[in-house]
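**Student:** I have a structure I would like to understand better, so I am pasting it below and will then ask my questions one at a time.
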Amino acid sequence: MESNQKRSISLIFLVLFFGVIAGSILSQFIGAFFPPGVVKDFFLTSNSIGWGIKPDNWIDFFVIRFKTGLFVDISVVSILGMCISWYFLRYFK
């Protein structure tokens, strides 16, 4: 790849997605090896961002009716995984 070419947006999202997956795997290892306490809670506490928890989020087309919803769990380790994958994306030009 030449240095003046830009990377495709799909490649960037794919690398960041794998970074989130790697961060999730890393959080499972941290949860298994760290003793209970403040450090473990800091790394493993996650916040859910999304929609779909309400019972009235039905989409009704009169012929078919369905619910929607999407949640993303964000934690310190998943952000760390994204940063590491972004570093590798920048490093391997």
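Going through the structure tokens in order, the chains are called A, B, and so on, while each chain numbers its residues from 1 and the ligands are numbered from 1 in the order shown.
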Could you please write out, as a list in words, every residue of chain A that DSSP assigns to strand (DSSP E or B)?

**Tutor:**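 Those in chain A that DSSP calls strand (DSSP E or B) are Ser46, Asn47, Ser48, Ile49, Gly50, Trp51, Trp58, Ile59, Asp60, Arg65, Phe66, Lys67, Leu70, Phe71, Val72, Asp73, Ile74 and Ser75 of chain A.
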
**Student:** Name the residues in contact with range 60-73 of chain A at a cut-off of 9 Å, using only C-alpha atoms, excluding same-chain residues fewer than 3 positions from it; report them as an MDAnalysis selection string.

**Tutor:** chainID A and resid 46:53 55:57 78

**Student:** Which is closer to Val20 in chain A than all the others in A:Met82, A:Ala32, A:Leu89, A:Leu44, using only C-alpha atoms?

**Tutor:**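 Distance minimum relative to Val20 in chain A lands on A:Met82.
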
**Student:** Distance CA of Ile21 in chain A-CA of Ser75 in chain A, one decimal place?

**Tutor:**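 Distance reported for this atom pair: 12.0 Å.
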
**Student:** Can you pull out the residues contacting Gly31 in chain A? Cut-off 10 Å, using only C-alpha atoms, and skip same-chain residues under 5 positions away; I want them as a list in words.

**Tutor:**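 Close residues of Gly31 in chain A: Ile25, Leu26, Pro36, Lys40, Asp41, Phe43 and Leu44 of chain A.
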
**Student:** Which residues are near Leu11 in chain A? Cut-off 12 Å, only C-alpha atoms, ignore same chain within fewer than 6 positions. Put them as a PyMOL selection string.

**Tutor:** chain A and resi 17-18+85-86+89

**Student:** Please indicate the distance in Å from CA of Ile9 in chain A to CA of Val77 in chain A, rounded to one decimal place.

**Tutor:**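 We find that CA of Ile9 in chain A and CA of Val77 in chain A lie 23.5 Å from each other.
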
**Student:** Pick out the closest residue to Ser24 in chain A from this set: A:Gly37, A:Thr45, A:Tyr91, A:Trp58. Count only C-alpha atoms.

**Tutor:** A:Thr45

**Student:** Hey, can you check how far CA of Phe13 in chain A sits from CA of Val39 in chain A?

**Tutor:** 29.7 Å

**Student:** DSSP on the backbone, alpha helix (DSSP H) only: what residues of chain A does that give? Format it as an mmCIF file with N, CA and C atoms, in the first residue's frame.

**Tutor:**
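That gives us selection_9.cif:
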```cif
data_model
loop_
_atom_site.group_PDB
_atom_site.id
_atom_site.type_symbol
_atom_site.label_atom_id
_atom_site.label_comp_id
_atom_site.auth_asym_id
_atom_site.auth_seq_id
_atom_site.Cartn_x
_atom_site.Cartn_y
_atom_site.Cartn_z
ATOM 1 N N ILE A 9 -12.761 2.853 5.068
ATOM 2 C CA ILE A 9 -13.474 2.987 6.346
ATOM 3 C C ILE A 9 -13.880 1.620 6.882
ATOM 4 N N SER A 10 -14.139 0.671 5.987
ATOM 5 C CA SER A 10 -14.513 -0.672 6.448
ATOM 6 C C SER A 10 -13.339 -1.362 7.132
ATOM 7 N N LEU A 11 -12.118 -1.150 6.640
ATOM 8 C CA LEU A 11 -10.947 -1.724 7.291
ATOM 9 C C LEU A 11 -10.741 -1.116 8.674
ATOM 10 N N ILE A 12 -10.952 0.175 8.794
ATOM 11 C CA ILE A 12 -10.803 0.837 10.098
ATOM 12 C C ILE A 12 -11.818 0.286 11.085
ATOM 13 N N PHE A 13 -13.072 0.162 10.678
ATOM 14 C CA PHE A 13 -14.087 -0.384 11.575
ATOM 15 C C PHE A 13 -13.822 -1.845 11.910
ATOM 16 N N LEU A 14 -13.313 -2.601 10.959
ATOM 17 C CA LEU A 14 -12.993 -4.004 11.205
ATOM 18 C C LEU A 14 -11.880 -4.136 12.237
ATOM 19 N N VAL A 15 -10.846 -3.319 12.115
ATOM 20 C CA VAL A 15 -9.743 -3.358 13.080
ATOM 21 C C VAL A 15 -10.226 -2.924 14.459
ATOM 22 N N LEU A 16 -11.042 -1.881 14.526
ATOM 23 C CA LEU A 16 -11.576 -1.452 15.825
ATOM 24 C C LEU A 16 -12.503 -2.497 16.425
ATOM 25 N N PHE A 17 -13.274 -3.178 15.589
ATOM 26 C CA PHE A 17 -14.144 -4.244 16.078
ATOM 27 C C PHE A 17 -13.322 -5.374 16.694
ATOM 28 N N PHE A 18 -12.239 -5.778 16.019
ATOM 29 C CA PHE A 18 -11.378 -6.804 16.585
ATOM 30 C C PHE A 18 -10.692 -6.314 17.852
ATOM 31 N N GLY A 19 -10.437 -5.024 17.960
ATOM 32 C CA GLY A 19 -9.891 -4.467 19.187
ATOM 33 C C GLY A 19 -10.868 -4.572 20.345
ATOM 34 N N VAL A 20 -12.143 -4.342 20.064
ATOM 35 C CA VAL A 20 -13.164 -4.494 21.112
ATOM 36 C C VAL A 20 -13.285 -5.959 21.525
ATOM 37 N N ILE A 21 -13.226 -6.864 20.567
ATOM 38 C CA ILE A 21 -13.270 -8.295 20.881
ATOM 39 C C ILE A 21 -12.062 -8.685 21.731
ATOM 40 N N ALA A 22 -10.870 -8.191 21.347
ATOM 41 C CA ALA A 22 -9.665 -8.480 22.131
ATOM 42 C C ALA A 22 -9.784 -7.888 23.532
ATOM 43 N N GLY A 23 -10.368 -6.702 23.656
ATOM 44 C CA GLY A 23 -10.586 -6.102 24.969
ATOM 45 C C GLY A 23 -11.558 -6.906 25.811
ATOM 46 N N SER A 24 -12.567 -7.482 25.181
ATOM 47 C CA SER A 24 -13.523 -8.321 25.914
ATOM 48 C C SER A 24 -12.856 -9.600 26.418
ATOM 49 N N ILE A 25 -12.012 -10.189 25.583
ATOM 50 C CA ILE A 25 -11.279 -11.387 26.011
ATOM 51 C C ILE A 25 -10.322 -11.034 27.141
ATOM 52 N N LEU A 26 -9.659 -9.885 27.021
ATOM 53 C CA LEU A 26 -8.751 -9.435 28.073
ATOM 54 C C LEU A 26 -9.500 -9.179 29.380
ATOM 55 N N SER A 27 -10.703 -8.659 29.301
ATOM 56 C CA SER A 27 -11.481 -8.431 30.521
ATOM 57 C C SER A 27 -11.879 -9.738 31.191
ATOM 58 N N GLN A 28 -12.106 -10.794 30.407
ATOM 59 C CA GLN A 28 -12.385 -12.099 31.000
ATOM 60 C C GLN A 28 -11.164 -12.643 31.746
ATOM 61 N N PHE A 29 -9.976 -12.442 31.174
ATOM 62 C CA PHE A 29 -8.754 -12.858 31.865
ATOM 63 C C PHE A 29 -8.524 -12.044 33.136
ATOM 64 N N ILE A 30 -8.772 -10.746 33.069
ATOM 65 C CA ILE A 30 -8.619 -9.904 34.257
ATOM 66 C C ILE A 30 -9.601 -10.338 35.327
ATOM 67 N N GLY A 31 -10.806 -10.654 34.936
ATOM 68 C CA GLY A 31 -11.802 -11.112 35.902
ATOM 69 C C GLY A 31 -11.431 -12.433 36.543
ATOM 70 N N ALA A 32 -10.699 -13.268 35.827
ATOM 71 C CA ALA A 32 -10.328 -14.573 36.370
ATOM 72 C C ALA A 32 -9.113 -14.490 37.285
ATOM 73 N N PHE A 33 -8.196 -13.567 37.009
ATOM 74 C CA PHE A 33 -6.939 -13.558 37.742
ATOM 75 C C PHE A 33 -6.830 -12.501 38.834
ATOM 76 N N VAL A 38 -11.015 -2.997 44.326
ATOM 77 C CA VAL A 38 -11.223 -1.764 43.583
ATOM 78 C C VAL A 38 -10.640 -1.851 42.173
ATOM 79 N N VAL A 39 -9.469 -2.446 42.030
ATOM 80 C CA VAL A 39 -8.818 -2.528 40.714
ATOM 81 C C VAL A 39 -9.647 -3.383 39.759
ATOM 82 N N LYS A 40 -10.116 -4.505 40.249
ATOM 83 C CA LYS A 40 -10.948 -5.382 39.406
ATOM 84 C C LYS A 40 -12.252 -4.679 39.031
ATOM 85 N N ASP A 41 -12.854 -3.985 39.985
ATOM 86 C CA ASP A 41 -14.084 -3.257 39.693
ATOM 87 C C ASP A 41 -13.858 -2.144 38.677
ATOM 88 N N PHE A 42 -12.709 -1.467 38.760
ATOM 89 C CA PHE A 42 -12.408 -0.392 37.825
ATOM 90 C C PHE A 42 -12.297 -0.924 36.400
ATOM 91 N N PHE A 43 -11.605 -2.031 36.232
ATOM 92 C CA PHE A 43 -11.402 -2.564 34.892
ATOM 93 C C PHE A 43 -12.636 -3.256 34.327
ATOM 94 N N LEU A 44 -13.471 -3.819 35.165
ATOM 95 C CA LEU A 44 -14.572 -4.645 34.673
ATOM 96 C C LEU A 44 -15.940 -3.982 34.712
ATOM 97 N N VAL A 76 -13.470 0.020 30.549
ATOM 98 C CA VAL A 76 -12.106 0.529 30.403
ATOM 99 C C VAL A 76 -11.276 -0.427 29.556
ATOM 100 N N VAL A 77 -11.462 -1.717 29.742
ATOM 101 C CA VAL A 77 -10.667 -2.699 29.006
ATOM 102 C C VAL A 77 -11.064 -2.728 27.528
ATOM 103 N N SER A 78 -12.326 -2.540 27.206
ATOM 104 C CA SER A 78 -12.712 -2.504 25.797
ATOM 105 C C SER A 78 -12.158 -1.257 25.115
ATOM 106 N N ILE A 79 -12.115 -0.137 25.818
ATOM 107 C CA ILE A 79 -11.493 1.065 25.257
ATOM 108 C C ILE A 79 -9.998 0.853 25.090
ATOM 109 N N LEU A 80 -9.367 0.168 26.038
ATOM 110 C CA LEU A 80 -7.952 -0.161 25.930
ATOM 111 C C LEU A 80 -7.690 -1.054 24.711
ATOM 112 N N GLY A 81 -8.549 -2.017 24.475
ATOM 113 C CA GLY A 81 -8.430 -2.877 23.299
ATOM 114 C C GLY A 81 -8.579 -2.097 22.011
ATOM 115 N N MET A 82 -9.501 -1.127 21.973
ATOM 116 C CA MET A 82 -9.649 -0.288 20.793
ATOM 117 C C MET A 82 -8.401 0.560 20.570
ATOM 118 N N CYS A 83 -7.811 1.088 21.629
ATOM 119 C CA CYS A 83 -6.606 1.910 21.491
ATOM 120 C C CYS A 83 -5.435 1.076 20.983
ATOM 121 N N ILE A 84 -5.296 -0.145 21.471
ATOM 122 C CA ILE A 84 -4.222 -1.017 21.003
ATOM 123 C C ILE A 84 -4.415 -1.366 19.531
ATOM 124 N N SER A 85 -5.645 -1.664 19.139
ATOM 125 C CA SER A 85 -5.886 -1.981 17.725
ATOM 126 C C SER A 85 -5.673 -0.757 16.840
ATOM 127 N N TRP A 86 -6.038 0.426 17.331
ATOM 128 C CA TRP A 86 -5.787 1.644 16.572
ATOM 129 C C TRP A 86 -4.290 1.874 16.410
ATOM 130 N N TYR A 87 -3.513 1.571 17.457
ATOM 131 C CA TYR A 87 -2.056 1.691 17.372
ATOM 132 C C TYR A 87 -1.502 0.758 16.300
ATOM 133 N N PHE A 88 -1.962 -0.483 16.273
ATOM 134 C CA PHE A 88 -1.503 -1.409 15.251
ATOM 135 C C PHE A 88 -1.920 -0.960 13.853
ATOM 136 N N LEU A 89 -3.082 -0.370 13.737
ATOM 137 C CA LEU A 89 -3.527 0.146 12.452
ATOM 138 C C LEU A 89 -2.633 1.284 11.988
ATOM 139 N N ARG A 90 -2.221 2.134 12.896
ATOM 140 C CA ARG A 90 -1.345 3.249 12.546
ATOM 141 C C ARG A 90 0.092 2.767 12.308
ATOM 142 N N TYR A 91 0.517 1.747 13.039
ATOM 143 C CA TYR A 91 1.877 1.260 12.946
ATOM 144 C C TYR A 91 2.135 0.522 11.634
#
```
